[in-house]
Structures are given as structure tokens and as C-alpha cells.
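Have a look at query-v9.pdb below; it lists PDB, C-alpha atoms.
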ATOM      1  CA  MET A   1      97.870 101.100 148.829
ATOM      2  CA  PRO A   2      96.858 102.745 152.113
ATOM      3  CA  SER A   3      95.620 100.040 154.485
ATOM      4  CA  GLN A   4      92.031  99.891 155.699
ATOM      5  CA  LEU A   5      90.688 102.810 153.712
ATOM      6  CA  THR A   6      87.496 104.445 154.964
ATOM      7  CA  LEU A   7      85.567 107.583 154.100
ATOM      8  CA  THR A   8      87.351 109.300 156.982
ATOM      9  CA  SER A   9      90.862 108.266 155.868
ATOM     10  CA  THR A  10      93.319 111.136 155.568
ATOM     11  CA  VAL A  11      96.831 111.733 154.288
ATOM     12  CA  ARG A  12      99.349 113.870 156.166
ATOM     13  CA  LEU A  13     100.658 116.703 154.025
ATOM     14  CA  SER A  14     104.153 118.164 154.192
ATOM     15  CA  SER A  15     102.577 121.165 155.944
ATOM     16  CA  GLY A  16     101.685 118.862 158.832
ATOM     17  CA  TYR A  17      97.935 119.004 158.225
ATOM     18  CA  GLU A  18      95.677 116.060 157.418
ATOM     19  CA  MET A  19      93.708 116.024 154.148
ATOM     20  CA  PRO A  20      90.785 113.646 153.523
ATOM     21  CA  ARG A  21      91.622 111.087 150.835
ATOM     22  CA  LEU A  22      88.319 111.610 149.025
ATOM     23  CA  GLY A  23      87.280 115.074 147.893
ATOM     24  CA  PHE A  24      84.163 116.564 146.348
ATOM     25  CA  GLY A  25      84.659 118.808 143.318
ATOM     26  CA  VAL A  26      82.355 121.686 142.402
ATOM     27  CA  TYR A  27      83.544 122.632 138.905
ATOM     28  CA  GLN A  28      80.593 123.625 136.703
ATOM     29  CA  ASN A  29      78.167 122.934 139.523
ATOM     30  CA  TYR A  30      75.255 125.364 139.293
ATOM     31  CA  THR A  31      73.596 124.199 142.500
ATOM     32  CA  THR A  32      76.747 124.337 144.607
ATOM     33  CA  HIS A  33      75.108 125.196 147.938
ATOM     34  CA  GLU A  34      72.697 122.270 147.704
ATOM     35  CA  SER A  35      75.300 119.839 146.313
ATOM     36  CA  VAL A  36      77.919 120.629 148.951
ATOM     37  CA  LEU A  37      75.338 120.346 151.705
ATOM     38  CA  GLU A  38      74.342 116.931 150.318
ATOM     39  CA  ALA A  39      78.015 115.944 150.127
ATOM     40  CA  PHE A  40      78.482 116.831 153.785
ATOM     41  CA  LYS A  41      75.447 114.686 154.630
ATOM     42  CA  ALA A  42      76.997 111.815 152.643
ATOM     43  CA  GLY A  43      80.163 112.059 154.706
ATOM     44  CA  TYR A  44      82.514 114.060 152.508
ATOM     45  CA  ARG A  45      84.689 116.507 154.439
ATOM     46  CA  HIS A  46      86.924 117.764 151.627
ATOM     47  CA  ILE A  47      85.579 120.321 149.129
ATOM     48  CA  ASP A  48      87.512 121.441 146.053
ATOM     49  CA  SER A  49      86.587 124.888 144.715
ATOM     50  CA  ALA A  50      88.376 127.643 142.779
ATOM     51  CA  GLN A  51      88.008 131.338 142.095
ATOM     52  CA  ALA A  52      87.361 130.509 138.447
ATOM     53  CA  TYR A  53      84.385 128.339 139.441
ATOM     54  CA  LYS A  54      82.625 131.397 140.892
ATOM     55  CA  ASN A  55      81.133 129.384 143.741
ATOM     56  CA  GLU A  56      83.361 129.993 146.761
ATOM     57  CA  ALA A  57      80.512 131.892 148.444
ATOM     58  CA  HIS A  58      78.134 128.972 147.865
ATOM     59  CA  VAL A  59      80.628 126.544 149.396
ATOM     60  CA  GLY A  60      80.892 128.823 152.424
ATOM     61  CA  SER A  61      77.139 129.098 152.821
ATOM     62  CA  ALA A  62      76.750 125.319 152.586
ATOM     63  CA  PHE A  63      79.378 124.856 155.279
ATOM     64  CA  ARG A  64      77.582 127.256 157.606
ATOM     65  CA  ALA A  65      74.268 125.538 156.948
ATOM     66  CA  SER A  66      75.791 122.128 157.649
ATOM     67  CA  GLY A  67      76.412 122.754 161.342
ATOM     68  CA  LEU A  68      79.881 121.205 161.020
ATOM     69  CA  ARG A  69      82.861 122.648 162.859
ATOM     70  CA  ARG A  70      85.426 124.503 160.799
ATOM     71  CA  GLU A  71      88.190 122.154 161.923
ATOM     72  CA  ASP A  72      86.213 119.172 160.618
ATOM     73  CA  VAL A  73      86.176 120.262 156.974
ATOM     74  CA  PHE A  74      88.975 120.739 154.452
ATOM     75  CA  ILE A  75      88.424 123.557 151.953
ATOM     76  CA  THR A  76      90.515 124.012 148.813
ATOM     77  CA  THR A  77      90.507 126.886 146.358
ATOM     78  CA  LYS A  78      92.740 128.087 143.521
ATOM     79  CA  CYS A  79      93.934 131.321 141.911
ATOM     80  CA  ILE A  80      93.629 131.418 138.140
ATOM     81  CA  SER A  81      96.348 132.863 135.900
ATOM     82  CA  LYS A  82      94.743 136.295 135.519
ATOM     83  CA  THR A  83      95.518 136.955 139.200
ATOM     84  CA  HIS A  84      99.095 135.691 139.009
ATOM     85  CA  GLY A  85     101.746 137.994 140.419
ATOM     86  CA  TYR A  86     102.800 138.782 143.983
ATOM     87  CA  ASP A  87     100.479 141.616 145.028
ATOM     88  CA  SER A  88      97.538 140.418 142.944
ATOM     89  CA  THR A  89      97.784 136.957 144.519
ATOM     90  CA  LEU A  90      97.788 138.406 148.029
ATOM     91  CA  ARG A  91      94.615 140.283 147.091
ATOM     92  CA  ALA A  92      93.129 137.122 145.563
ATOM     93  CA  VAL A  93      93.605 135.245 148.832
ATOM     94  CA  ASP A  94      91.732 137.963 150.712
ATOM     95  CA  VAL A  95      88.936 137.879 148.141
ATOM     96  CA  SER A  96      88.604 134.107 148.541
ATOM     97  CA  LEU A  97      88.416 134.383 152.325
ATOM     98  CA  GLU A  98      85.742 137.057 152.045
ATOM     99  CA  ARG A  99      83.692 134.958 149.639
ATOM    100  CA  PHE A 100      83.977 131.816 151.752
ATOM    101  CA  GLY A 101      83.271 133.792 154.930
ATOM    102  CA  MET A 102      86.189 131.994 156.565
ATOM    103  CA  ASP A 103      89.327 133.004 158.432
ATOM    104  CA  TYR A 104      91.573 130.598 156.554
ATOM    105  CA  VAL A 105      91.634 128.196 153.614
ATOM    106  CA  ASP A 106      93.024 124.716 154.176
ATOM    107  CA  LEU A 107      94.675 124.426 150.764
ATOM    108  CA  TYR A 108      95.338 127.152 148.208
ATOM    109  CA  LEU A 109      96.559 126.096 144.771
ATOM    110  CA  ILE A 110      98.008 127.936 141.803
ATOM    111  CA  HIS A 111      95.330 126.828 139.341
ATOM    112  CA  ASP A 112      97.527 126.599 136.255
ATOM    113  CA  PRO A 113     101.072 127.255 135.035
ATOM    114  CA  PHE A 114     100.188 129.906 132.454
ATOM    115  CA  LYS A 115     101.822 133.363 132.497
ATOM    116  CA  GLY A 116     105.417 132.120 132.569
ATOM    117  CA  LYS A 117     108.128 131.325 135.095
ATOM    118  CA  GLU A 118     108.501 134.776 136.673
ATOM    119  CA  LEU A 119     104.814 135.162 137.497
ATOM    120  CA  ARG A 120     104.526 131.533 138.598
ATOM    121  CA  LEU A 121     107.263 132.105 141.166
ATOM    122  CA  GLN A 122     105.854 135.469 142.283
ATOM    123  CA  THR A 123     102.480 133.826 142.797
ATOM    124  CA  TYR A 124     104.000 130.939 144.722
ATOM    125  CA  ARG A 125     105.947 133.288 146.990
ATOM    126  CA  ALA A 126     102.759 135.246 147.661
ATOM    127  CA  LEU A 127     100.940 132.078 148.710
ATOM    128  CA  LEU A 128     103.814 131.221 151.045
ATOM    129  CA  GLU A 129     103.479 134.709 152.550
ATOM    130  CA  ALA A 130      99.734 134.225 152.986
ATOM    131  CA  LYS A 131     100.513 130.939 154.726
ATOM    132  CA  ARG A 132     102.873 132.718 157.120
ATOM    133  CA  ALA A 133     100.072 135.193 157.799
ATOM    134  CA  GLY A 134      97.733 132.355 158.774
ATOM    135  CA  LYS A 135      95.353 132.854 155.850
ATOM    136  CA  ILE A 136      96.339 129.553 154.209
ATOM    137  CA  ARG A 137      97.298 126.353 155.968
ATOM    138  CA  THR A 138      98.821 124.552 153.007
ATOM    139  CA  VAL A 139     100.185 125.738 149.650
ATOM    140  CA  GLY A 140      99.988 123.675 146.481
ATOM    141  CA  VAL A 141      99.755 123.812 142.703
ATOM    142  CA  SER A 142      97.557 122.432 139.957
ATOM    143  CA  ASN A 143      98.360 121.356 136.412
ATOM    144  CA  PHE A 144     102.097 121.675 137.083
ATOM    145  CA  GLY A 145     104.434 119.525 135.051
ATOM    146  CA  VAL A 146     107.884 118.442 136.171
ATOM    147  CA  ARG A 147     109.552 121.543 134.738
ATOM    148  CA  HIS A 148     107.218 123.828 136.714
ATOM    149  CA  LEU A 149     107.861 121.908 139.917
ATOM    150  CA  GLU A 150     111.597 121.996 139.249
ATOM    151  CA  GLU A 151     111.432 125.802 139.022
ATOM    152  CA  ILE A 152     110.203 125.898 142.610
ATOM    153  CA  ARG A 153     112.788 123.427 143.848
ATOM    154  CA  SER A 154     115.614 125.204 142.012
ATOM    155  CA  GLU A 155     114.719 128.464 143.769
ATOM    156  CA  GLY A 156     115.221 126.759 147.121
ATOM    157  CA  LEU A 157     111.561 127.270 148.045
ATOM    158  CA  PRO A 158     109.521 124.716 150.000
ATOM    159  CA  MET A 159     107.960 122.223 147.630
ATOM    160  CA  PRO A 160     104.187 122.398 147.206
ATOM    161  CA  ALA A 161     102.332 119.959 149.403
ATOM    162  CA  VAL A 162      99.900 119.039 146.607
ATOM    163  CA  ASN A 163      99.794 118.924 142.817
ATOM    164  CA  GLN A 164      96.285 118.540 141.387
ATOM    165  CA  ILE A 165      96.313 117.107 137.858
ATOM    166  CA  GLU A 166      94.036 115.293 135.455
ATOM    167  CA  LEU A 167      94.416 111.656 136.423
ATOM    168  CA  HIS A 168      92.534 108.482 135.496
ATOM    169  CA  PRO A 169      93.417 105.151 133.829
ATOM    170  CA  PHE A 170      93.603 106.710 130.343
ATOM    171  CA  CYS A 171      95.860 109.593 131.452
ATOM    172  CA  GLN A 172      98.154 108.490 134.274
ATOM    173  CA  GLN A 173     100.764 111.307 134.090
ATOM    174  CA  LYS A 174     103.503 108.866 135.090
ATOM    175  CA  ALA A 175     106.468 111.247 134.976
ATOM    176  CA  ILE A 176     104.682 113.860 137.067
ATOM    177  CA  VAL A 177     103.433 111.298 139.586
ATOM    178  CA  THR A 178     106.910 109.813 139.956
ATOM    179  CA  TYR A 179     108.468 113.241 140.505
ATOM    180  CA  CYS A 180     105.818 114.209 143.047
ATOM    181  CA  ARG A 181     106.340 111.025 145.031
ATOM    182  CA  GLN A 182     110.089 111.529 145.023
ATOM    183  CA  HIS A 183     109.629 115.010 146.509
ATOM    184  CA  GLY A 184     106.808 114.456 149.011
ATOM    185  CA  VAL A 185     104.083 116.077 146.906
ATOM    186  CA  VAL A 186     100.632 114.493 147.280
ATOM    187  CA  VAL A 187      98.828 113.992 143.961
ATOM    188  CA  GLN A 188      95.178 114.939 143.635
ATOM    189  CA  ALA A 189      93.192 113.542 140.698
ATOM    190  CA  TYR A 190      90.697 115.739 138.890
ATOM    191  CA  SER A 191      88.384 114.254 136.271
ATOM    192  CA  PRO A 192      88.796 110.835 137.927
ATOM    193  CA  LEU A 193      85.563 109.720 136.228
ATOM    194  CA  VAL A 194      86.868 110.580 132.731
ATOM    195  CA  ARG A 195      84.025 113.075 132.336
ATOM    196  CA  GLY A 196      81.557 110.224 132.172
ATOM    197  CA  ASN A 197      83.356 108.296 129.405
ATOM    198  CA  MET A 198      83.118 105.036 131.325
ATOM    199  CA  ASN A 199      82.012 102.480 128.727
ATOM    200  CA  HIS A 200      85.369 100.789 128.152
ATOM    201  CA  PRO A 201      85.247  96.953 128.101
ATOM    202  CA  VAL A 202      87.658  96.752 131.048
ATOM    203  CA  PHE A 203      85.343  98.934 133.118
ATOM    204  CA  ARG A 204      82.377  96.771 132.160
ATOM    205  CA  GLU A 205      84.307  93.617 133.091
ATOM    206  CA  LEU A 206      85.128  94.958 136.549
ATOM    207  CA  VAL A 207      81.594  96.267 137.049
ATOM    208  CA  GLY A 208      80.317  92.746 136.468
ATOM    209  CA  LYS A 209      82.954  91.176 138.685
ATOM    210  CA  HIS A 210      82.403  93.442 141.674
ATOM    211  CA  GLY A 211      78.749  94.422 141.252
ATOM    212  CA  ARG A 212      79.667  98.112 141.280
ATOM    213  CA  ASP A 213      79.074 101.021 138.956
ATOM    214  CA  PRO A 214      81.915 102.247 136.702
ATOM    215  CA  GLY A 215      82.451 105.377 138.769
ATOM    216  CA  GLN A 216      83.070 103.346 141.898
ATOM    217  CA  ILE A 217      85.603 101.178 140.042
ATOM    218  CA  LEU A 218      87.502 104.249 138.816
ATOM    219  CA  LEU A 219      87.479 105.977 142.196
ATOM    220  CA  ARG A 220      88.607 102.831 143.973
ATOM    221  CA  TRP A 221      91.490 102.526 141.469
ATOM    222  CA  SER A 222      92.487 106.098 142.262
ATOM    223  CA  LEU A 223      92.399 105.500 146.014
ATOM    224  CA  GLN A 224      94.408 102.291 145.734
ATOM    225  CA  ARG A 225      97.018 104.164 143.694
ATOM    226  CA  SER A 226      97.251 106.603 146.656
ATOM    227  CA  PHE A 227      95.837 109.482 144.610
ATOM    228  CA  ILE A 228      93.239 111.854 146.066
ATOM    229  CA  PRO A 229      90.251 111.683 143.694
ATOM    230  CA  LEU A 230      87.896 114.650 143.381
ATOM    231  CA  PRO A 231      84.644 113.370 141.857
ATOM    232  CA  LYS A 232      81.958 115.932 141.156
ATOM    233  CA  SER A 233      78.222 115.627 140.706
ATOM    234  CA  ALA A 234      75.094 117.694 141.218
ATOM    235  CA  ARG A 235      72.913 114.578 141.518
ATOM    236  CA  ALA A 236      72.322 113.301 145.037
ATOM    237  CA  ALA A 237      72.358 109.638 143.956
ATOM    238  CA  HIS A 238      75.815 110.031 142.409
ATOM    239  CA  ILE A 239      77.122 112.034 145.360
ATOM    240  CA  TYR A 240      76.284 109.111 147.630
ATOM    241  CA  SER A 241      77.386 106.321 145.287
ATOM    242  CA  ASN A 242      80.736 108.012 144.680
ATOM    243  CA  ALA A 243      81.409 107.770 148.411
ATOM    244  CA  ARG A 244      80.568 104.051 148.674
ATOM    245  CA  LEU A 245      84.059 102.822 147.936
ATOM    246  CA  TYR A 246      85.190 101.099 151.091
ATOM    247  CA  ASP A 247      83.587  97.665 151.188
ATOM    248  CA  PHE A 248      85.354  96.196 148.175
ATOM    249  CA  ILE A 249      88.929  95.957 146.916
ATOM    250  CA  LEU A 250      90.370  95.765 143.417
ATOM    251  CA  ASP A 251      92.814  92.856 143.341
ATOM    252  CA  ALA A 252      96.208  92.891 141.618
ATOM    253  CA  HIS A 253      94.713  91.601 138.355
ATOM    254  CA  ASP A 254      92.025  94.294 138.378
ATOM    255  CA  MET A 255      94.618  96.998 139.004
ATOM    256  CA  ALA A 256      96.848  95.647 136.238
ATOM    257  CA  LEU A 257      93.965  95.777 133.752
ATOM    258  CA  LEU A 258      93.265  99.414 134.635
ATOM    259  CA  ASN A 259      96.930 100.411 134.731
ATOM    260  CA  ALA A 260      97.366  99.019 131.210
ATOM    261  CA  LEU A 261      94.842 101.510 129.784
ATOM    262  CA  ASP A 262      97.221 104.472 129.958
ATOM    263  CA  ARG A 263      97.435 106.438 126.701
ATOM    264  CA  GLY A 264      99.636 109.208 128.030
ATOM    265  CA  LYS A 265      98.738 112.724 126.928
ATOM    266  CA  GLU A 266      96.444 111.301 124.242
ATOM    267  CA  GLY A 267      94.216 109.982 127.019
ATOM    268  CA  ALA A 268      93.466 113.413 128.466
ATOM    269  CA  VAL A 269      89.851 114.594 128.408
ATOM    270  CA  THR A 270      90.460 118.142 129.717
ATOM    271  CA  TRP A 271      92.801 121.068 129.028
ATOM    272  CA  ASN A 272      95.687 119.301 130.888
ATOM    273  CA  PRO A 273      98.162 122.228 130.483
ATOM    274  CA  VAL A 274     101.117 120.480 132.131
ATOM    275  CA  ASP A 275     103.472 121.209 129.232
ATOM    276  CA  VAL A 276     103.047 124.979 128.830
ATOM    277  CA  GLU A 277     106.188 127.102 128.817
TER
END

Here is the file; what I need is its structure written in the form of C-alpha cells.
Amino acid sequence: MPSQLTLTSTVRLSSGYEMPRLGFGVYQNYTTHESVLEAFKAGYRHIDSAQAYKNEAHVGSAFRASGLRREDVFITTKCISKTHGYDSTLRAVDVSLERFGMDYVDLYLIHDPFKGKELRLQTYRALLEAKRAGKIRTVGVSNFGVRHLEEIRSEGLPMPAVNQIELHPFCQQKAIVTYCRQHGVVVQAYSPLVRGNMNHPVFRELVGKHGRDPGQILLRWSLQRSFIPLPKSARAAHIYSNARLYDFILDAHDMALLNALDRGKEGAVTWNPVDVE
């Protein structure tokens, strides 16, 4: 577990840049400008968007309204499979920058492994080229299983700095996490709140023990496992409560209870396409 975690704690990526350990997701957020602005007020500095979310422009407008400096925020986006391919990915990066109204994106991910090996590698090479051009600071992937990551390594290409996958106590993706840690790939956790399915008896036990809400228990577990959780909410109260994670600690017994809940792939609550060909 990282020592002395705070809301401003970061992790150094293989690209050399620092990424905040807590992110704010904006998937299916229909008030993105207002929510991101509230997240900035609550202390978040890491925003996770995607072209498929259709809200890059709203993230950009919230940043400009916040008065924060560009170097003080970490912005992620992703290219979905319909843009996969070398030239189409280069165009997609330019489209994202235009929508954000920014000169660069901190982290650009391949959103999913669909479309097959050849297009995955073309897309990855295009992102590396965009990085060389200064349009992207860090290149990563999302929903990549071990076989997809091995494709990159086998080509002799730099490994992605990040792999964003579904990750929570019910779906711990152990093989992928182990591989990522062996190869210096930081693991981001989407759906860390199990899409609101937080009524398990273990969660209730730890809520009572620590006087916290279930979301805080799950996010603290993720942080203590050295994952980068990406909670999302459009409600101001939840935006703030999801950031209040730093004045309590889950002890070894608590962590063991949560770790024991893993159901493998059966525990997934999203598309989780880590096994596609």
C-alpha cells in the first residue's frame, strides 16, 4: 500500500509523468460540465473521459471555468474501436484535442481490444507517434487482457503505461493485474463502486466498523491495493464523499474479507471485453 495517501497523492508512470491516484469518471454523465467543475472544487485533479462518452468538450469547458492551470490537471481520453487503425487514430487524437480545446492530452487509451491484432497494433503505433508529436504525454490501453498486452511486448514496442480495466472486490482480474505489475503497467479501476451494487454483508460489516459509506470502503480498498479508482457521479454529495478516503485505513483483516469476495469473470458488472480475440 502506498504510504500516507492523500487526495493529492500521485503515481509516477513509465512515461515519467505523475498521475493522481484518484480519478473522476464521466461515463454516462449528462451534466458533465457541472459535475467536473464540482469535482475540481472537491479536490479531484484527474478526469477520465472518452470519445465514446461524447463529453470531451464539456470536460474542456469545465477546466477553463475552473481557473486551474493546465499543468495541475490530468486529462484522460480514449479512442473507441470504430476509429482503430493508424491514420484514423491520428485523426481521432486531433479531434479529441479540438473538442477539449487543449494542446495535449495527459493520457490517451485504446478504449477496447476489438477489431483484431493488426488494427490494435496500428492504433497503438499511431498513439506512440502522437506522443512523439507532443499531442499525448502518456499512452495506455483499456480492457486489455494478457494476450493483448503480450502482442505489444512481442512487437518490441514500449509497454503501455496504464491499463484501465473493470476492477472491484467481485472482479479482481488477478492474472491481468499480476502481468501489469510485472511489466510496469499501472492499473486503473473502472466501476470501482460495482455500479451501485454495494449491499453485500461484508460491505455492511465494514461500514459499521469504520462509520463510512460503502463507496468509501470500496474506494479505500482500491487505493490500498495500489489501483487507481475512477468513481463517477453526477450528484455533488457523492462527488465529495467519494473523495473523503484519507482519514481511515482498512486493516489486514478488512482487506482479507474484501479480497475473498473475488468471483473472477462471473463477478463482472460491465462488458469487460478482456478475452476478445

**Prompt:** So what do you get for atom CA of Asn163 of chain A versus atom CA of Val194 of chain A, distance-wise?
**Reply:** 18.4 Å

**Prompt:** Which distance in Å separates atom CA of Leu13 of chain A and atom CA of Pro169 of chain A, to one decimal?
**Reply:**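 Atom CA of Leu13 of chain A sits 24.4 Å away from atom CA of Pro169 of chain A.
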
**Selected residue of minimal separation from Val141 of chain A among A:Lys115, A:Arg153, A:Arg220, A:Lys78, counting all atoms listed in the file** =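 Answer, going by the shortest atom-to-atom distance: A:Lys78.
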
**Request:** Would you translate the PyMOL selection byres ((chain A and resi 85) around 10) into the concrete set of residues it matches in this file, as a list in words?
**Result:** Ser81, Lys82, Thr83, His84, Tyr86, Asp87, Ser88, Thr89, Leu90, Lys115, Glu118, Leu119, Arg120, Leu121, Gln122, Thr123, Tyr124, Arg125 and Ala126 of chain A

**Asked** Applied to the shown file, which residues does the PyMOL selection byres ((chain A and resi 189) around 12) return, written as a VMD selection string?
**Response** chain A and resid 21 to 25 48 142 to 143 162 to 169 171 to 173 177 186 to 188 190 to 194 218 to 219 221 to 223 225 to 232 272

Could the residues in this selection be written to a file with C-alpha atoms, as a JSON list (two decimals), in the coordinates of the input?
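And here is the file that came out, again_33.json:
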[["chain", "number", "residue", "atom", "x", "y", "z"],
["A", 21, "ARG", "CA", 91.62, 111.09, 150.84],
["A", 22, "LEU", "CA", 88.32, 111.61, 149.02],
["A", 23, "GLY", "CA", 87.28, 115.07, 147.89],
["A", 24, "PHE", "CA", 84.16, 116.56, 146.35],
["A", 25, "GLY", "CA", 84.66, 118.81, 143.32],
["A", 48, "ASP", "CA", 87.51, 121.44, 146.05],
["A", 142, "SER", "CA", 97.56, 122.43, 139.96],
["A", 143, "ASN", "CA", 98.36, 121.36, 136.41],
["A", 162, "VAL", "CA", 99.90, 119.04, 146.61],
["A", 163, "ASN", "CA", 99.79, 118.92, 142.82],
["A", 164, "GLN", "CA", 96.28, 118.54, 141.39],
["A", 165, "ILE", "CA", 96.31, 117.11, 137.86],
["A", 166, "GLU", "CA", 94.04, 115.29, 135.46],
["A", 167, "LEU", "CA", 94.42, 111.66, 136.42],
["A", 168, "HIS", "CA", 92.53, 108.48, 135.50],
["A", 169, "PRO", "CA", 93.42, 105.15, 133.83],
["A", 171, "CYS", "CA", 95.86, 109.59, 131.45],
["A", 172, "GLN", "CA", 98.15, 108.49, 134.27],
["A", 173, "GLN", "CA", 100.76, 111.31, 134.09],
["A", 177, "VAL", "CA", 103.43, 111.30, 139.59],
["A", 186, "VAL", "CA", 100.63, 114.49, 147.28],
["A", 187, "VAL", "CA", 98.83, 113.99, 143.96],
["A", 188, "GLN", "CA", 95.18, 114.94, 143.64],
["A", 190, "TYR", "CA", 90.70, 115.74, 138.89],
["A", 191, "SER", "CA", 88.38, 114.25, 136.27],
["A", 192, "PRO", "CA", 88.80, 110.84, 137.93],
["A", 193, "LEU", "CA", 85.56, 109.72, 136.23],
["A", 194, "VAL", "CA", 86.87, 110.58, 132.73],
["A", 218, "LEU", "CA", 87.50, 104.25, 138.82],
["A", 219, "LEU", "CA", 87.48, 105.98, 142.20],
["A", 221, "TRP", "CA", 91.49, 102.53, 141.47],
["A", 222, "SER", "CA", 92.49, 106.10, 142.26],
["A", 223, "LEU", "CA", 92.40, 105.50, 146.01],
["A", 225, "ARG", "CA", 97.02, 104.16, 143.69],
["A", 226, "SER", "CA", 97.25, 106.60, 146.66],
["A", 227, "PHE", "CA", 95.84, 109.48, 144.61],
["A", 228, "ILE", "CA", 93.24, 111.85, 146.07],
["A", 229, "PRO", "CA", 90.25, 111.68, 143.69],
["A", 230, "LEU", "CA", 87.90, 114.65, 143.38],
["A", 231, "PRO", "CA", 84.64, 113.37, 141.86],
["A", 232, "LYS", "CA", 81.96, 115.93, 141.16],
["A", 272, "ASN", "CA", 95.69, 119.30, 130.89]]

**Request:** Report as JSON, numbers by chain the residues that result from applying the PyMOL selection byres ((chain A and resi 47) around 12) to the structure here.
**Result:** {"A": [19, 20, 21, 22, 23, 24, 25, 26, 27, 32, 33, 35, 36, 37, 38, 39, 40, 43, 44, 45, 46, 48, 49, 50, 55, 56, 58, 59, 60, 62, 63, 72, 73, 74, 75, 76, 77, 78, 100, 105, 106, 107, 108, 228, 229, 230, 231, 232]}

**Request:** Extract, using only C-alpha atoms, all DNA, RNA and protein residues at most 7 Å from segment 197-199 of chain A, discarding same-chain residues fewer than 4 positions from it, and format them as a list of chain:residue names.
**Result:**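 These residues fall inside the cut-off: A:Phe203, A:Arg204, A:Pro214.
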
**Request:** Find the distance between atom CA of Cys79 of chain A and atom CA of Lys174 of chain A and write it in Å to one decimal.
**Result:** 25.3 Å

Per-residue nearest contacts of segment 109-220 of chain A to segment 243-251 of chain A (10 Å; only C-alpha atoms) as CSV:
residue,atom,partner,partner_atom,distance
A:Leu206,CA,A:Leu250,CA,8.7
A:Lys209,CA,A:Leu250,CA,9.9
A:His210,CA,A:Phe248,CA,7.7
A:Gly211,CA,A:Phe248,CA,9.7
A:Arg212,CA,A:Phe248,CA,9.1
A:Gly215,CA,A:Leu245,CA,9.7
A:Gln216,CA,A:Leu245,CA,6.1
A:Ile217,CA,A:Leu250,CA,8.0
A:Leu218,CA,A:Leu245,CA,9.9
A:Leu219,CA,A:Leu245,CA,7.4
A:Arg220,CA,A:Leu245,CA,6.0

**Message:** From the options A:Glu151, A:Ala260, A:Ser241, A:Pro158, which residue's atoms come nearest to Gly116 of chain A, counting only C-alpha atoms?
**Reply:** A:Glu151

**Point (102.6, 125.3, 147.1), cut-off 6 Å, counting all atoms listed in the file, residues as JSON, numbers by chain** = {"A": [139, 140, 141, 160, 161]}

As lines of an AutoDock Vina configuration file, what would the box around segment 195-206 of chain A look like: edges along x, y and z, 5 Å added on every side, centre and edge lengths in Å to one decimal?
center_x = 84.6
center_y = 103.3
center_z = 132.3
size_x = 16.1
size_y = 29.5
size_z = 18.4

**Minimum-distance residue to Asn242 of chain A, chosen among A:Gly196, A:Pro273, A:Ser9, A:Ala42 (using all atoms listed in the file)** =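 Under the stated criterion, the closest residue is A:Ala42.
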
**Asked** When distances are computed from all atoms listed in the file, which of A:Lys265, A:Arg69, A:His253, A:Lys117 shows the smallest separation from Met102 of chain A?
**Response**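 Checking each candidate against Met102 of chain A, we get A:Arg69 as the closest.
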
**Residue list as an NGL selection string for point (90.6, 100.8, 132.2), cut-off 8 Å, only C-alpha atoms** = :A and (169-170 or 200-203 or 257-262)

For C-alpha atoms, I'd like the residues from the last selection saved as a PDB file, keeping the file's coordinate frame.
ATOM      1  CA  PRO A 169      93.417 105.151 133.829  1.00  0.00           C
ATOM      2  CA  PHE A 170      93.603 106.710 130.343  1.00  0.00           C
ATOM      3  CA  HIS A 200      85.369 100.789 128.152  1.00  0.00           C
ATOM      4  CA  PRO A 201      85.247  96.953 128.101  1.00  0.00           C
ATOM      5  CA  VAL A 202      87.658  96.752 131.048  1.00  0.00           C
ATOM      6  CA  PHE A 203      85.343  98.934 133.118  1.00  0.00           C
ATOM      7  CA  LEU A 257      93.965  95.777 133.752  1.00  0.00           C
ATOM      8  CA  LEU A 258      93.265  99.414 134.635  1.00  0.00           C
ATOM      9  CA  ASN A 259      96.930 100.411 134.731  1.00  0.00           C
ATOM     10  CA  ALA A 260      97.366  99.019 131.210  1.00  0.00           C
ATOM     11  CA  LEU A 261      94.842 101.510 129.784  1.00  0.00           C
ATOM     12  CA  ASP A 262      97.221 104.472 129.958  1.00  0.00           C
TER      13      ASP A 262
END

**Prompt:** Which residue, A:Lys135, A:His183, A:Arg195, A:Arg70, has the smallest gap to Val95 of chain A when you use all atoms listed in the file?
**Reply:**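 Looking only at the distances to Val95 of chain A, the closest residue turns out to be A:Lys135.
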
**Request:** Using all atoms listed in the file, pick whichever of A:Gly134, A:Glu205, A:Gly67, A:Phe144 has the shortest atom-to-atom distance to His111 of chain A.
**Result:**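 Under the stated criterion, the closest residue is A:Phe144.
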